[in-house]
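For reference, data36.csv (CSV, C-alpha atoms):
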```
chain,number,residue,atom,x,y,z
A,1,MET,CA,113.5,-38.0,46.3
A,2,THR,CA,114.9,-38.4,49.8
A,3,ILE,CA,112.3,-38.2,52.6
A,4,PRO,CA,113.6,-35.9,55.3
A,5,LYS,CA,114.0,-37.3,58.8
A,6,THR,CA,111.5,-36.1,61.4
A,7,LEU,CA,112.8,-34.2,64.3
A,8,CYS,CA,110.7,-33.1,67.3
A,9,ILE,CA,111.8,-30.0,69.3
A,10,ALA,CA,110.4,-30.5,72.8
A,11,GLY,CA,110.8,-27.6,75.2
A,12,LYS,CA,110.4,-24.0,76.0
A,13,ASN,CA,111.9,-20.5,76.1
A,14,ARG,CA,114.3,-18.8,73.9
A,15,VAL,CA,116.6,-21.8,73.4
A,16,ALA,CA,113.7,-23.8,71.9
A,17,VAL,CA,112.4,-20.9,69.8
A,18,GLN,CA,115.9,-20.2,68.4
A,19,ALA,CA,116.5,-23.9,67.7
A,20,LEU,CA,113.2,-24.0,65.8
A,21,ARG,CA,114.2,-21.0,63.7
A,22,LEU,CA,117.7,-22.5,63.1
A,23,LEU,CA,116.4,-25.9,62.0
A,24,ASP,CA,113.6,-24.5,59.9
A,25,GLU,CA,115.9,-22.2,58.0
A,26,LEU,CA,118.4,-25.1,57.4
A,27,ASP,CA,115.5,-27.1,56.0
A,28,LEU,CA,117.1,-30.5,56.9
A,29,PHE,CA,114.2,-32.1,58.8
A,30,ASP,CA,110.5,-32.5,58.8
A,31,LEU,CA,110.0,-30.5,62.1
A,32,LYS,CA,107.4,-31.3,64.8
A,33,VAL,CA,107.0,-29.2,68.0
A,34,CYS,CA,106.2,-30.4,71.5
A,35,PRO,CA,105.7,-27.4,73.8
A,36,VAL,CA,105.7,-27.7,77.6
A,37,GLN,CA,102.2,-27.8,79.2
A,38,SER,CA,102.6,-24.3,80.6
A,39,ASP,CA,103.1,-22.7,77.1
A,40,THR,CA,100.0,-20.6,76.5
A,41,GLY,CA,101.0,-19.5,73.0
A,42,GLU,CA,101.8,-16.0,74.2
A,43,ASP,CA,105.2,-14.5,74.9
A,44,GLY,CA,106.1,-13.8,78.5
A,45,TRP,CA,109.5,-13.1,80.0
A,46,GLN,CA,110.6,-15.7,77.5
A,47,PRO,CA,109.3,-16.2,74.0
A,48,SER,CA,106.6,-18.9,73.4
A,49,LEU,CA,107.6,-22.0,71.4
A,50,LYS,CA,104.0,-22.7,70.6
A,51,LYS,CA,103.6,-19.2,69.2
A,52,GLU,CA,106.7,-19.6,67.0
A,53,ALA,CA,105.5,-23.0,65.8
A,54,ALA,CA,102.2,-21.4,64.7
A,55,ARG,CA,104.0,-18.6,62.9
A,56,ARG,CA,106.1,-21.1,61.0
A,57,ASP,CA,103.2,-23.5,60.4
A,58,LYS,CA,104.8,-26.4,62.3
A,59,SER,CA,102.6,-29.2,63.6
A,60,LEU,CA,102.3,-29.6,67.4
A,61,ILE,CA,102.5,-33.1,68.8
A,62,THR,CA,102.2,-34.5,72.3
A,63,LEU,CA,104.9,-36.6,74.0
A,64,GLU,CA,102.6,-39.6,73.6
A,65,GLN,CA,102.4,-38.9,69.8
A,66,ALA,CA,106.1,-38.6,69.6
A,67,TYR,CA,106.5,-42.0,71.2
A,68,ARG,CA,104.5,-43.5,68.5
A,69,LYS,CA,106.2,-41.9,65.5
A,70,PRO,CA,108.7,-44.3,64.0
A,71,GLY,CA,112.3,-43.0,63.6
A,72,LEU,CA,111.6,-39.6,65.1
A,73,ILE,CA,114.7,-37.7,66.4
A,74,PHE,CA,113.7,-36.3,69.8
A,75,LEU,CA,115.5,-33.1,70.9
A,76,SER,CA,114.8,-31.9,74.4
A,77,LEU,CA,115.5,-28.2,75.1
A,78,GLU,CA,114.3,-27.4,78.6
A,79,PHE,CA,111.4,-29.9,78.3
A,80,ASP,CA,109.5,-30.4,81.5
A,81,LYS,CA,108.8,-34.1,81.4
A,82,ILE,CA,110.9,-37.2,82.1
A,83,ILE,CA,111.2,-39.2,78.9
A,84,ASN,CA,110.4,-43.0,78.8
A,85,VAL,CA,113.1,-44.2,76.4
A,86,LYS,CA,111.5,-47.6,76.2
A,87,LYS,CA,108.5,-46.1,74.4
A,88,PHE,CA,110.6,-45.0,71.4
A,89,ASP,CA,111.6,-47.4,68.7
A,90,HIS,CA,115.1,-46.0,68.4
A,91,THR,CA,117.8,-44.3,70.5
A,92,GLU,CA,118.4,-41.0,68.7
A,93,LEU,CA,117.0,-39.1,71.7
A,94,LEU,CA,118.9,-35.9,72.5
A,95,ASN,CA,118.9,-33.5,75.4
A,96,VAL,CA,120.7,-30.2,75.9
A,97,HIS,CA,121.4,-29.9,79.6
A,98,PHE,CA,122.5,-26.6,81.2
A,99,SER,CA,125.5,-27.8,83.1
A,100,LEU,CA,128.9,-29.4,82.5
A,101,LEU,CA,127.8,-33.0,83.1
A,102,PRO,CA,128.4,-35.2,85.0
A,103,ALA,CA,128.1,-32.3,87.5
A,104,TYR,CA,124.8,-30.6,88.4
A,105,LYS,CA,122.3,-33.1,87.0
A,106,GLY,CA,118.7,-32.2,87.6
A,107,CYS,CA,117.2,-28.8,88.4
A,108,PHE,CA,118.3,-25.2,89.2
A,109,THR,CA,121.5,-25.4,87.2
A,110,SER,CA,121.6,-21.6,87.1
A,111,ILE,CA,121.7,-21.5,90.9
A,112,TRP,CA,123.8,-24.3,92.3
A,113,PRO,CA,127.1,-23.8,90.4
A,114,ILE,CA,127.1,-20.1,91.6
A,115,TYR,CA,126.1,-21.0,95.1
A,116,CYS,CA,128.7,-23.7,95.4
A,117,GLY,CA,131.5,-21.4,94.2
A,118,GLU,CA,132.3,-23.0,90.9
A,119,VAL,CA,134.6,-21.1,88.5
A,120,ALA,CA,132.9,-22.6,85.4
A,121,SER,CA,129.7,-24.2,84.2
A,122,GLY,CA,128.6,-25.0,80.7
A,123,VAL,CA,126.1,-26.8,78.4
A,124,THR,CA,126.1,-30.5,77.5
A,125,LEU,CA,124.6,-32.2,74.4
A,126,HIS,CA,123.9,-35.8,75.4
A,127,LEU,CA,121.9,-38.8,74.6
A,128,ILE,CA,118.8,-39.5,76.8
A,129,ASP,CA,118.8,-42.8,78.6
A,130,HIS,CA,116.7,-44.1,81.5
A,131,GLY,CA,118.2,-41.8,84.1
A,132,ILE,CA,118.1,-38.1,84.8
A,133,ASP,CA,120.8,-36.4,82.7
A,134,THR,CA,122.9,-39.5,82.8
A,135,GLY,CA,123.2,-40.3,79.1
A,136,PRO,CA,126.4,-40.4,77.1
A,137,ILE,CA,127.9,-37.0,76.2
A,138,ILE,CA,128.2,-35.9,72.6
A,139,ASP,CA,129.6,-32.4,73.1
A,140,GLN,CA,130.0,-29.6,75.7
A,141,GLU,CA,130.8,-25.9,75.9
A,142,THR,CA,132.2,-24.2,79.0
A,143,ILE,CA,131.1,-20.9,80.5
A,144,ALA,CA,133.4,-19.0,82.9
A,145,LEU,CA,131.7,-17.9,86.1
A,146,ASP,CA,133.2,-14.7,87.3
A,147,GLU,CA,131.8,-12.5,90.1
A,148,SER,CA,129.4,-10.7,87.7
A,149,VAL,CA,127.4,-13.7,86.8
A,150,THR,CA,124.0,-14.1,88.4
A,151,ALA,CA,121.4,-16.9,88.0
A,152,ILE,CA,119.5,-15.0,85.3
A,153,SER,CA,122.6,-14.0,83.3
A,154,LEU,CA,123.9,-17.5,83.5
A,155,TYR,CA,120.5,-18.8,82.2
A,156,GLU,CA,120.9,-16.5,79.2
A,157,LEU,CA,124.5,-17.6,78.6
A,158,TYR,CA,123.3,-21.2,78.7
A,159,GLN,CA,120.8,-20.6,76.0
A,160,ASP,CA,123.4,-18.9,73.8
A,161,CYS,CA,125.7,-21.8,74.3
A,162,ALA,CA,123.0,-24.4,73.5
A,163,ILE,CA,122.3,-22.8,70.1
A,164,ARG,CA,126.1,-22.8,69.3
A,165,LEU,CA,126.2,-26.5,70.2
A,166,LEU,CA,123.3,-27.3,68.0
A,167,GLU,CA,124.9,-25.4,65.1
A,168,LYS,CA,128.1,-27.2,65.6
A,169,ASN,CA,126.6,-30.7,65.8
A,170,ILE,CA,123.5,-30.5,63.6
A,171,GLN,CA,125.0,-32.3,60.6
A,172,LEU,CA,126.2,-35.1,62.9
A,173,ILE,CA,122.7,-35.4,64.3
A,174,LEU,CA,121.3,-35.5,60.8
A,175,ASP,CA,123.7,-38.3,59.8
A,176,GLY,CA,123.5,-40.1,63.1
A,177,ASP,CA,127.3,-40.0,62.9
A,178,PHE,CA,128.4,-38.8,66.4
A,179,ASN,CA,130.5,-40.2,69.1
A,180,ALA,CA,128.9,-40.3,72.6
A,181,GLU,CA,131.1,-41.0,75.6
A,182,ARG,CA,129.8,-42.6,78.7
A,183,GLN,CA,129.6,-40.3,81.7
A,184,PRO,CA,132.2,-41.0,84.4
A,185,PRO,CA,131.0,-42.2,87.8
A,186,THR,CA,133.1,-39.5,89.6
A,187,GLN,CA,132.4,-35.8,90.0
A,188,SER,CA,128.7,-36.4,89.5
A,189,THR,CA,126.1,-34.3,91.4
A,190,TYR,CA,122.4,-34.0,91.3
A,191,PHE,CA,119.8,-31.5,92.6
A,192,SER,CA,116.1,-32.2,92.6
A,193,ARG,CA,113.1,-29.8,92.3
A,194,LYS,CA,112.9,-29.8,96.1
A,195,SER,CA,116.6,-28.8,96.5
A,196,LEU,CA,115.9,-25.0,96.4
A,197,SER,CA,114.1,-25.2,99.7
A,198,TYR,CA,117.5,-25.7,101.3
A,199,ILE,CA,118.5,-22.2,100.4
A,200,SER,CA,116.7,-19.5,102.4
A,201,PRO,CA,116.2,-16.3,100.5
A,202,GLU,CA,117.0,-14.3,103.7
A,203,ILE,CA,120.6,-13.4,103.9
A,204,ASN,CA,122.6,-14.8,106.8
A,205,PHE,CA,125.3,-12.4,107.8
A,206,SER,CA,127.1,-15.0,109.9
A,207,ALA,CA,129.0,-15.9,106.8
A,208,THR,CA,131.9,-14.5,104.8
A,209,ALA,CA,131.5,-11.7,102.3
A,210,THR,CA,132.2,-14.2,99.5
A,211,GLN,CA,129.5,-16.6,100.7
A,212,ILE,CA,127.0,-13.7,100.9
A,213,SER,CA,127.9,-12.5,97.4
A,214,ARG,CA,127.4,-16.0,96.1
A,215,HIS,CA,124.0,-16.3,97.8
A,216,VAL,CA,122.8,-13.0,96.3
A,217,ARG,CA,124.1,-13.9,92.8
A,218,ALA,CA,122.8,-17.4,92.9
A,219,LEU,CA,119.3,-16.3,93.8
A,220,PHE,CA,119.0,-13.3,91.5
A,221,PHE,CA,116.4,-14.5,89.0
A,222,PRO,CA,113.7,-11.8,89.4
A,223,GLU,CA,111.1,-13.7,87.5
A,224,TYR,CA,111.2,-16.3,90.3
A,225,GLN,CA,113.1,-15.1,93.3
A,226,THR,CA,115.9,-12.9,94.8
A,227,ALA,CA,117.8,-12.9,98.0
A,228,THR,CA,116.2,-10.8,100.7
A,229,TYR,CA,117.1,-8.7,103.7
A,230,GLN,CA,114.1,-8.5,106.2
A,231,GLY,CA,111.9,-9.4,103.2
A,232,MET,CA,113.3,-6.7,101.0
A,233,GLN,CA,114.6,-7.9,97.6
A,234,VAL,CA,118.3,-7.6,97.0
A,235,ALA,CA,119.8,-7.2,93.5
A,236,LYS,CA,123.6,-7.2,94.2
A,237,CYS,CA,126.2,-7.6,96.9
A,238,VAL,CA,129.5,-5.8,96.7
A,239,THR,CA,132.5,-6.8,98.9
A,240,LEU,CA,134.3,-3.8,100.4
A,241,ALA,CA,137.9,-3.6,101.3
A,242,GLU,CA,137.1,-2.6,104.9
A,243,ARG,CA,137.6,-5.4,107.4
A,244,SER,CA,134.5,-6.0,109.5
A,245,LYS,CA,134.8,-4.8,113.1
A,246,ALA,CA,131.1,-4.9,114.2
A,247,LYS,CA,129.0,-7.9,115.0
A,248,PRO,CA,128.0,-9.8,111.8
A,249,GLY,CA,124.8,-8.4,110.4
A,250,THR,CA,125.2,-4.9,111.9
A,251,LEU,CA,123.8,-2.2,109.6
A,252,LEU,CA,126.7,0.3,109.3
A,253,SER,CA,125.1,2.8,106.9
A,254,GLU,CA,122.3,3.3,104.5
A,255,SER,CA,122.0,5.6,101.6
A,256,GLY,CA,119.2,5.5,99.0
A,257,SER,CA,119.1,1.9,97.6
A,258,THR,CA,122.4,0.9,99.2
A,259,MET,CA,123.0,-0.6,102.7
A,260,THR,CA,126.3,-1.5,104.3
A,261,PHE,CA,126.7,-4.4,106.7
A,262,SER,CA,129.4,-6.2,108.6
A,263,THR,CA,130.0,-9.9,108.1
A,264,ILE,CA,132.4,-12.5,109.4
A,265,ASP,CA,135.3,-11.0,107.5
A,266,PHE,CA,134.7,-8.0,105.2
A,267,ASP,CA,131.9,-5.4,105.0
A,268,VAL,CA,129.4,-5.7,102.2
A,269,GLU,CA,127.1,-3.3,100.3
A,270,LEU,CA,123.7,-4.6,99.5
A,271,ILE,CA,121.9,-2.9,96.6
A,272,LYS,CA,118.1,-3.1,96.7
A,273,PHE,CA,116.3,-4.6,93.8
A,274,GLN,CA,114.2,-2.0,92.0
A,275,PRO,CA,112.0,-3.6,89.3
```

Written as structure tokens, that's how I'd like the structure from this file.
Amino acid sequence: MTIPKTLCIAGKNRVAVQALRLLDELDLFDLKVCPVQSDTGEDGWQPSLKKEAARRDKSLITLEQAYRKPGLIFLSLEFDKIINVKKFDHTELLNVHFSLLPAYKGCFTSIWPIYCGEVASGVTLHLIDHGIDTGPIIDQETIALDESVTAISLYELYQDCAIRLLEKNIQLILDGDFNAERQPPTQSTYFSRKSLSYISPEINFSATATQISRHVRALFFPEYQTATYQGMQVAKCVTLAERSKAKPGTLLSESGSTMTFSTIDFDVELIKFQP
């Protein structure tokens, strides 16, 4: 009888919960679960990995316990700690990162690609090395970023893509039979946990309509933040065909939840956020 390999799912939110369901139903691994410290075992705006592990009778382990388990395959899905690769006895350490690496390493990958005007982002399955999201790439999937995509909708798209990547690559992970390509030194960017402080939530109308729209979409993640106008939360920005004639930031009209403003180039409608 072949003893199944042990795989630890370390992470949080829907992506980790769906990965646990997928891998449990495939019955290919002896599964362990390492939830993030903030996981209370109760569902919130995202489902709890700890709760799903209990429902499926899967053992919880800490990161320190994972380090000490020989041959364990470590799969990070939105895990909240930096991994010390030297503490593992092998190199089958995997991360699903929400960006098209080598771009947008680090944090807030639902915000920065929109804010910077990218036309695409994506999800990357890669090996974990001693750096932050710097390990060799196994596979990627691309997501188009049109003008309807917000930070929260992009986060949900990331999670969907991540599960597809796992489904596609799970047999290769089981067999250890995957090709991983070194990340190129060019087109690489990184944003730290402190980077969001560089984006003020308050809208600056001394900008183009496109810039303001990106600002609103990039910050629209209601569980954490939205763009604001004089402290009022903003859900959406619509660029109008009317060329702005008034000074940027002039309130041109207001009706219900909609306000129209002038900008550097075209007028915009801001729609108030109503929880």

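Take the candidates A:Ser213, A:Ala54, A:Leu251, A:Thr208 and check each one against Thr263 (chain A) using all atoms listed in the file; the shortest distance goes to A:Thr208.
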
Fill in the blank from the handout: In terms of all atoms listed in the file, the residue from A:Ser244, A:Asp177, A:Ile83, A:Ser121 at minimal distance from Asp133 (chain A) is A:Ile83

Could you build a table of the residues in region 85-146 of chain A lying no more than 12 Å from region 157-164 of chain A, giving for each the nearest pair of atoms and their separation in Å rounded to one decimal place, using only C-alpha atoms, ordered by chain and ascending residue number, as CSV?
```
residue,atom,partner,partner_atom,distance
A:Asn95,CA,A:Ala162,CA,10.2
A:Val96,CA,A:Ala162,CA,6.7
A:His97,CA,A:Ala162,CA,8.4
A:Phe98,CA,A:Tyr158,CA,6.0
A:Ser99,CA,A:Tyr158,CA,8.2
A:Leu100,CA,A:Tyr158,CA,10.6
A:Thr109,CA,A:Tyr158,CA,9.7
A:Ser110,CA,A:Tyr158,CA,8.6
A:Ala120,CA,A:Tyr158,CA,11.8
A:Ser121,CA,A:Tyr158,CA,9.0
A:Gly122,CA,A:Tyr158,CA,6.8
A:Val123,CA,A:Tyr158,CA,6.3
A:Thr124,CA,A:Ala162,CA,7.9
A:Leu125,CA,A:Ala162,CA,8.0
A:His126,CA,A:Ala162,CA,11.6
A:Asp139,CA,A:Ala162,CA,10.4
A:Gln140,CA,A:Ala162,CA,9.0
A:Glu141,CA,A:Cys161,CA,6.7
A:Thr142,CA,A:Cys161,CA,8.4
A:Ile143,CA,A:Leu157,CA,7.6
A:Ala144,CA,A:Leu157,CA,10.0
A:Leu145,CA,A:Leu157,CA,10.4
```

Handout entry: Polymer residues at most 12 Å from Gly41 (chain A), only C-alpha atoms, same-chain spacing of 4 or more positions, as a list in words
Key = Lys12, Asn13, Val17, Pro35, Val36, Gln37, Gln46, Pro47, Ser48, Leu49, Lys50, Lys51, Glu52, Ala53, Ala54, Arg55 and Leu60 of chain A

Handout entry: Residue nearest Val216 (chain A) among A:Ile203, A:Val33, A:Ile132, A:Leu23 (counting all atoms listed in the file)
Key = A:Ile203

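With distances restricted to only C-alpha atoms, A:Cys8 is the closest residue to Leu63 (chain A) from A:Leu20, A:Cys8, A:Gly135, A:Phe178.
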
Practice task
Excluding Pro185 (chain A) and any residue of its chain fewer than 6 positions from it, enumerate the residues within 12 Å of it, using all atoms listed in the file, and give them as JSON, numbers by chain.
Solution key: {"A": [101, 102, 103, 134, 135, 136]}

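The spacing separating CA of Ile152 (chain A) from CA of Phe221 (chain A) amounts to 4.9 Å.
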
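In this model, the gap between CA of Ile264 (chain A) and CA of Ile111 (chain A) comes to 23.2 Å.
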
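If only C-alpha atoms are the atoms counted, then among A:Ser192, A:Ser200, A:Ser76, A:Ser206 the closest residue to Lys105 (chain A) is A:Ser192.
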
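In terms of minimum interatomic distance to Tyr198 (chain A), A:His215 ranks closest within A:His215, A:Val268, A:Asn169, A:Ala151, counting all atoms listed in the file.
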
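You will find CA of Glu64 (chain A) at 13.0 Å from CA of Lys32 (chain A).
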
Exercise for the section: Excluding Gln230 (chain A) and residues on its chain fewer than 5 positions from it, collect all residues at most 12 Å away from it, counting only C-alpha atoms, and give them as a VMD selection string. Expected result: chain A and resid 200 to 205 249 272

Practice task
Kindly extract all protein, DNA and RNA residues lying within 12 Å of the coordinates (128.9, -1.3, 100.6) given in the file, considering all atoms listed in the file, and supply them as a PyMOL selection string.
Solution key: chain A and resi 209+213+236-244+251-263+266-272
